[in-house]
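A.B. asks: First, the structure itself, so that you have it in front of you.
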Amino acid sequence: MAADARNPLTGGRAPLPSTTSGTGPGHPAPSPAGDTARPAPDAPRPPVPAGPPSPTPDGSGERAPDSPPSQALTGPASPIPGGPRPRVEDGPPHQAPADPPSRSPLAAPEPVPLPDAAAAHDIPHPLTAHGCWYPSADPSGRHVAFICDRAGVPQLWTGPVDGPEAQLLDTDPDPVIEVSWSPDGRWIAYTTAPEGGELTRVLCVRPDGSGRRVLAGAEPGSSAHLGCWRHDGSALAVTVAEPSPTGTEESEADTALLRAGAGTALSSHPPGWAARDGRALLLGGPPPGTAARSYAIRPSGPAAADDRTAPDQPPPLTLSTYLVDPESVSAPVFLSSERGAATLRVCDVSRDGRLALLRRGPRGRREALVVRTDDLRTTCAVPVADGDPWIGGFSPDGRTLWLRSDHAREFAALYAVRLDPRGVRQGLTVAAERADCGLELLALDHDGRGAALSWNARGVSELEILALEAVGSSAPSATGGQGSALGAREAPLPAGPGPSRAVPLPHEVVTRVAPTRDPDSPIVALSGSQRRPGVWWLPQGTPLRTPWSSRDEDVAPGSRTPVRPVAMRPVARDGLTLGGWYYRAPGRSPGDPAPCVIHLHGGPEEQERPEFNPVYHELLGRGLDVFAPDVRGSSGYGRSYVDADLGKGRFAALDDVADCAAHVVLAGLADPRRLAVMGRSYGGYLTMASLVWHPDLFRTGVAVCGMSDFATFFAGTEPWIAQSAAHKYGHPERDRDLLRALSPMSRVDELRAPVLAVHGEHDTNVPPGESEQFVRAARERGVEAELLVLHHEGHDFRRADNRRLFRRAAADWIERHLAV
């Protein structure tokens with residue numbers, strides 16, 4: 001690192017510290033200018049653990065001859081390939097070098113101070129029908145940090161669980177995404193999305209609103225994500241996205257993808273795999289996401305075989321994880337790095353600091369890694385479920401790892417992974433499971449001896465409080481030394497589940513669980529068909545709404561009561577049973593077929609839940625019924641259902657849309673002459689595809705942030721999204737013909753129905769060019785089409801004024817074309 005190199009965390013410039021024997025893997029570098037003993041601003045802070053590698057069971061610094069080899073995660077100067085990880089379901093990790101490669105020491109971070117931005121609760125023109133979500137409790141469990149859109153944009157607030165006083169801690173208009181209160185109560189960490197875009201940064205603030213600073217992601221074009229706190233509150237884990245080094249050839253290992261649980265590496269993208277294809281062209285500029293992209297939109301229609309360009313590709317991003325001291329006393333501690341990674345997040349650090357739990361991999365192939373912090377070696381890997389990124393944590397002694405995983409099963413369950421003292425897996429058992437029901441959320445309490453489990457039962461949450469037993473008595477190791485550092489000696493039995501109790505809920509869906517010191521008094525975020533998101537305190541299982549959460553009766557302005565949906569189970573033409581929820585417009589008689597909107601969710605792995613949706617409420621108020629189906633590929637119905645749309649299975653998913661429309665028509669609910677289709681993200685793709693695959697079925701469509709051509713989508717999206725999408729949709733090179741056949745632009749000549757496309761101007765997940773080219777193609781063919789671009793928004797619409805504009809524009813469009 002040059003003397004004036006930018007710090008990878010904050011983007012600030014810091015001098016290069018001298019290399020000493022005290023720096024290296026897992027060790028903090030000395031602070032700049034010799035400031036090695038700078039006091040904390042308020043009080044002495046426990047240092048981030050450092051020192052020589054922990055001794056192995058025989059007391060030496062070398063690996064014991066009978067212990068399994070392990071794999072190192074390399075540092076920023078030598079990023080780990082995005083390739084095979086050790087698979088240890090049936091044995092020890094793969095052979096790896098005895099010592100990790102050397103790396104340059106890291107400069108201490110230079111947090112970017114910001115003006116204090118706390119505000120009183122009463123702000124000008126607050127929203128009455130507001131939502132509160134993503135709670136995180138302080139050490140006492142009596143105060144909560146949370147996200148609230150009371151001011152029209154999701155912002156950071158705090159308040160007591162039993163009092164109405166709430167405080168806005170950050171008045172900046174950048175939407176807040178995640179929140180985490182430190183275990184020692186001194187800091188609140190949170191993630192924001194500047195300008196509503198897809199790039200994020202991590203900040204910290206004192207609970208009183210002072211000391212606000214950016215910890216990571218301050219540099220323009222950079223991005224950072226929130227990880228866990230150390231249990232003593234001395235450090236926060238962050239993930240930083242950095243451009244990968246250029247000028248080197250990629251090897252097969254550098255770009256291979258590993259399917260979680262399959263045990264085999266899949267061949268990866270060759271150089272230039274994301275060459276621009278067809279109608280979209282990236283015209284130079286910085287790496288993806290660092291600036292607005294310019295698109296050259298060519299005449300619409302299927303691309304000719306020779307109509308291809310291959311400009312220089314920006315380098316893939318490297319995701320690196322660090323432990324950062326929010327007080328800025330200690331230098332950041334490097335944990336892991338992966339080139340071209342889809343995701344990388346630190347979910348827990350053991351209480352003694354020896355082990356870190358990381359979640360990595362693209363969707364459909366997530367896995368949990370246990371990494372030793374002294375030598376940065378990966379000692380254990382277990383496939384885990386998609387969905388909530390907080391996959392589990394360690395027991396107090398670090399000998400049991402609790403995971404939410406769907407390894408080798410249809411539905412996710414609670415797993416107990418037994419670890420030896422060096423973090424190597426000794427056993428794997430299912431600790432809690434339910435038939436035909438997946439574990440959706442797992443939250444360990446603060447002392448690690450209990451957990452809150454939220455199960456997804458066909459879209460409705462069921463909450464359970466479970467005691468986690470301590471490690472049992474010893475027993476002879478079943479492996480007899482294979483994969484065990486203890487060899488033939490006795491190995492402790494894994495921890496297991498203890499007594500459990502169900503917790504009644506006042507509304508249908510749990511979206512987050514925030515544990516407190518009292519395992520019987522968790523704090524949960526709830527949503528439901530009759531109210532907006534809110535935060536509840538559950539002392540001894542009694543649900544109490546926090547006073548600053550909106551009341552049920554304030555769910556929507558005016559006198560219209562929200563509609564409670566009815567579950568439906570259509571059957572596809574190939575016999576697969578689908579799911580979904582039907583909303584009947586108020587005042588409609590049971591035998592009166594209604595104009596109906598088929599609304600398609602994103603993902604594809606998302607799931608329709610019985611939650612209040614302002615878009616549905618707007619449509620229902622216009623006399624329109626809404627059917628929100630879960631076509632194949634949705635979550636909540638098991639792994640086989642999620643995977644049923646892979647590859648050529650996507651053609652069946654397109655048929656599912658028509659079959660769902662036929663189901664509600666044959667049931668006498670919907671008028672076949674007045675059907676519309678609408679969806680966002682993947683649902684936006686399905687909307688465009690349905691309009692060209694079933695051109696005589698729908699009278700109109702509204703496509704929101706959807707993909708219209710897979711070639712241009714792969715060319716323009718973020719690299720980490722491309723990696724995940726290749727598994728779900730098809731490889732952009734090997735499956736080129738399949739992707740062309742699945743692209744709505746390839747059948748745009750079949751389009752008959754008017755279409756409204758909506759997109760956020762800062763969307764880098766699905767670039768706005770996807771909507772632009774579809775609208776242009778429609779107009780060139782004489783079909784009515786309009787494009788609504790929302791300013792200061794990315795892939796998700798977070799600002800209240802933009803959400804209101806979107807839903808009213810969509811409802812106006814559908815109402816006009818269905819002649820309601």
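The chains in the structure tokens are called A, B, ... from first to last as shown; in each chain the residues are counted from 1, and the ligands are counted from 1 in the order shown.
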Hey, what's within 6 Å of Arg425 (chain A) if we count only C-alpha atoms and toss same-chain stuff fewer than 3 positions away? As a PyMOL selection string, please?
C.D. replies: chain A and resi 380+418-419
A.B. asks: Just write the chosen residues, all heavy atoms, as a compact mmCIF listing (two decimals), in the first residue's frame.
C.D. replies:
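The new file out17.txt reads:
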```
# COMPACT_ATOMS: atom_id res chain seq x y z
N CYS A 380 -14.43 -25.05 8.94
CA CYS A 380 -15.72 -25.74 8.85
C CYS A 380 -16.58 -25.01 7.83
O CYS A 380 -16.55 -23.78 7.76
CB CYS A 380 -16.40 -25.74 10.22
SG CYS A 380 -18.09 -26.42 10.25
N ARG A 418 -21.23 -29.44 16.23
CA ARG A 418 -20.24 -29.60 17.30
C ARG A 418 -18.86 -29.29 16.76
O ARG A 418 -18.45 -29.79 15.71
CB ARG A 418 -20.29 -31.02 17.86
CG ARG A 418 -19.42 -31.20 19.11
CD ARG A 418 -19.64 -32.55 19.76
NE ARG A 418 -19.01 -33.64 19.00
CZ ARG A 418 -19.66 -34.59 18.36
NH1 ARG A 418 -20.98 -34.58 18.35
NH2 ARG A 418 -19.02 -35.55 17.73
N LEU A 419 -18.11 -28.45 17.49
CA LEU A 419 -16.77 -28.02 17.07
C LEU A 419 -15.74 -28.46 18.11
O LEU A 419 -16.02 -28.49 19.31
CB LEU A 419 -16.72 -26.49 16.93
CG LEU A 419 -17.73 -25.85 15.98
CD1 LEU A 419 -17.63 -24.33 16.07
CD2 LEU A 419 -17.53 -26.31 14.55
```
A.B. asks: DSSP on the backbone: what in region 406-622 of chain A comes out alpha helix (DSSP H), as a list in words?
C.D. replies: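 Selecting the alpha helix (DSSP H) positions of region 406-622 of chain A gives Pro614, Val615, Tyr616, His617, Glu618, Leu619, Leu620 and Gly621 of chain A.
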A.B. asks: Report as a list in words all protein, DNA and RNA residues lying within 6 Å of region 522-537 of chain A, evaluated on only C-alpha atoms, omitting residues in the same chain fewer than 4 positions from it.
C.D. replies: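 Non-adjacent residues within range: Gly131, Cys132, Trp133, His507, Glu508, Val509, Val510, Thr511, Arg512, Val513, Ala514, Pro515, Thr516, Pro543, Leu544, Arg545, Thr546, Ser549, Asp552, Val555, Pro562, Arg564, Pro610, Glu611 and Phe612 of chain A.
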A.B. asks: Can you pull out every residue within 8 Å of Gly636 (chain A), counting only C-alpha atoms, but drop anything in the same chain fewer than 2 positions away, and send it as number ranges by chain?
C.D. replies: A: 437-438, 456-459, 607, 634, 638
A.B. asks: Excluding Asp174 (chain A) and its own-chain neighbours fewer than 6 positions away, which residues fall within 8 Å of it when counting only C-alpha atoms? Please give them as an MDAnalysis selection string.
C.D. replies: chainID A and resid 153:155 192:196
A.B. asks: Write out as an MDAnalysis selection string each polymer residue whose atoms come within 7 Å of region 694-701 of chain A, counting only C-alpha atoms; drop sequence neighbours fewer than 4 positions from it.
C.D. replies: chainID A and resid 674:678 687 690 750:756 814 817:818
A.B. asks: Out of A:Ile721, A:Val176, A:Leu787, A:Leu666, which residue has the shortest atom-to-atom distance to Gly603 (chain A) when counting only C-alpha atoms?
C.D. replies: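 Nearest candidate to Gly603 (chain A) out of A:Ile721, A:Val176, A:Leu787, A:Leu666: A:Ile721.
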A.B. asks: Using DSSP secondary structure from the backbone, list all strand (DSSP E) positions within region 681-812 of chain A, as a tab-separated table (two decimals) with N, CA, C and O atoms, in the first residue's frame.
C.D. replies:
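Output file part20.tsv follows:
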```
chain	number	residue	atom	x	y	z
A	700	THR	N	-53.73	-5.23	-19.87
A	700	THR	CA	-52.63	-4.28	-19.66
A	700	THR	C	-51.67	-4.86	-18.65
A	700	THR	O	-51.94	-5.89	-18.01
A	701	GLY	N	-50.52	-4.18	-18.50
A	701	GLY	CA	-49.51	-4.62	-17.53
A	701	GLY	C	-48.72	-3.45	-16.99
A	701	GLY	O	-48.58	-2.41	-17.65
A	702	VAL	N	-48.20	-3.62	-15.77
A	702	VAL	CA	-47.30	-2.65	-15.13
A	702	VAL	C	-46.06	-3.40	-14.70
A	702	VAL	O	-46.13	-4.25	-13.80
A	703	ALA	N	-44.92	-3.11	-15.33
A	703	ALA	CA	-43.67	-3.80	-15.06
A	703	ALA	C	-42.74	-2.86	-14.30
A	703	ALA	O	-42.39	-1.79	-14.80
A	704	VAL	N	-42.33	-3.27	-13.10
A	704	VAL	CA	-41.54	-2.42	-12.22
A	704	VAL	C	-40.15	-3.02	-12.06
A	704	VAL	O	-40.00	-4.15	-11.57
A	755	VAL	N	-48.57	-1.10	-21.84
A	755	VAL	CA	-47.69	-1.42	-20.73
A	755	VAL	C	-47.12	-0.13	-20.13
A	755	VAL	O	-46.75	0.80	-20.85
A	756	LEU	N	-47.11	-0.09	-18.81
A	756	LEU	CA	-46.43	0.98	-18.06
A	756	LEU	C	-45.21	0.37	-17.40
A	756	LEU	O	-45.33	-0.62	-16.66
A	757	ALA	N	-44.04	0.94	-17.64
A	757	ALA	CA	-42.81	0.51	-16.99
A	757	ALA	C	-42.40	1.56	-15.96
A	757	ALA	O	-42.51	2.77	-16.21
A	758	VAL	N	-41.94	1.10	-14.81
A	758	VAL	CA	-41.52	1.99	-13.72
A	758	VAL	C	-40.13	1.57	-13.28
A	758	VAL	O	-39.85	0.36	-13.14
A	759	HIS	N	-39.25	2.55	-13.04
A	759	HIS	CA	-37.87	2.21	-12.66
A	759	HIS	C	-37.29	3.32	-11.77
A	759	HIS	O	-37.66	4.49	-11.91
A	760	GLY	N	-36.40	2.93	-10.84
A	760	GLY	CA	-35.65	3.89	-10.05
A	760	GLY	C	-34.41	4.33	-10.81
A	760	GLY	O	-33.72	3.51	-11.42
A	785	ALA	N	-47.29	2.63	-24.58
A	785	ALA	CA	-46.32	2.30	-23.53
A	785	ALA	C	-45.78	3.60	-22.94
A	785	ALA	O	-45.56	4.57	-23.66
A	786	GLU	N	-45.59	3.60	-21.63
A	786	GLU	CA	-45.02	4.74	-20.94
A	786	GLU	C	-43.98	4.27	-19.95
A	786	GLU	O	-44.01	3.11	-19.48
A	787	LEU	N	-43.05	5.17	-19.62
A	787	LEU	CA	-41.98	4.87	-18.66
A	787	LEU	C	-42.00	5.93	-17.57
A	787	LEU	O	-41.91	7.13	-17.86
A	788	LEU	N	-42.11	5.50	-16.32
A	788	LEU	CA	-42.05	6.38	-15.16
A	788	LEU	C	-40.74	6.13	-14.43
A	788	LEU	O	-40.50	5.02	-13.95
A	789	VAL	N	-39.86	7.13	-14.37
A	789	VAL	CA	-38.57	7.02	-13.69
A	789	VAL	C	-38.65	7.81	-12.39
A	789	VAL	O	-38.95	9.01	-12.39
A	790	LEU	N	-38.39	7.14	-11.27
A	790	LEU	CA	-38.46	7.77	-9.95
A	790	LEU	C	-37.07	8.25	-9.54
A	790	LEU	O	-36.12	7.47	-9.52
```
A.B. asks: Suppose you want the space between CA of Glu606 (chain A) and CA of Ser136 (chain A); what is it in Å?
C.D. replies: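 CA of Glu606 (chain A) sits 24.0 Å away from CA of Ser136 (chain A).
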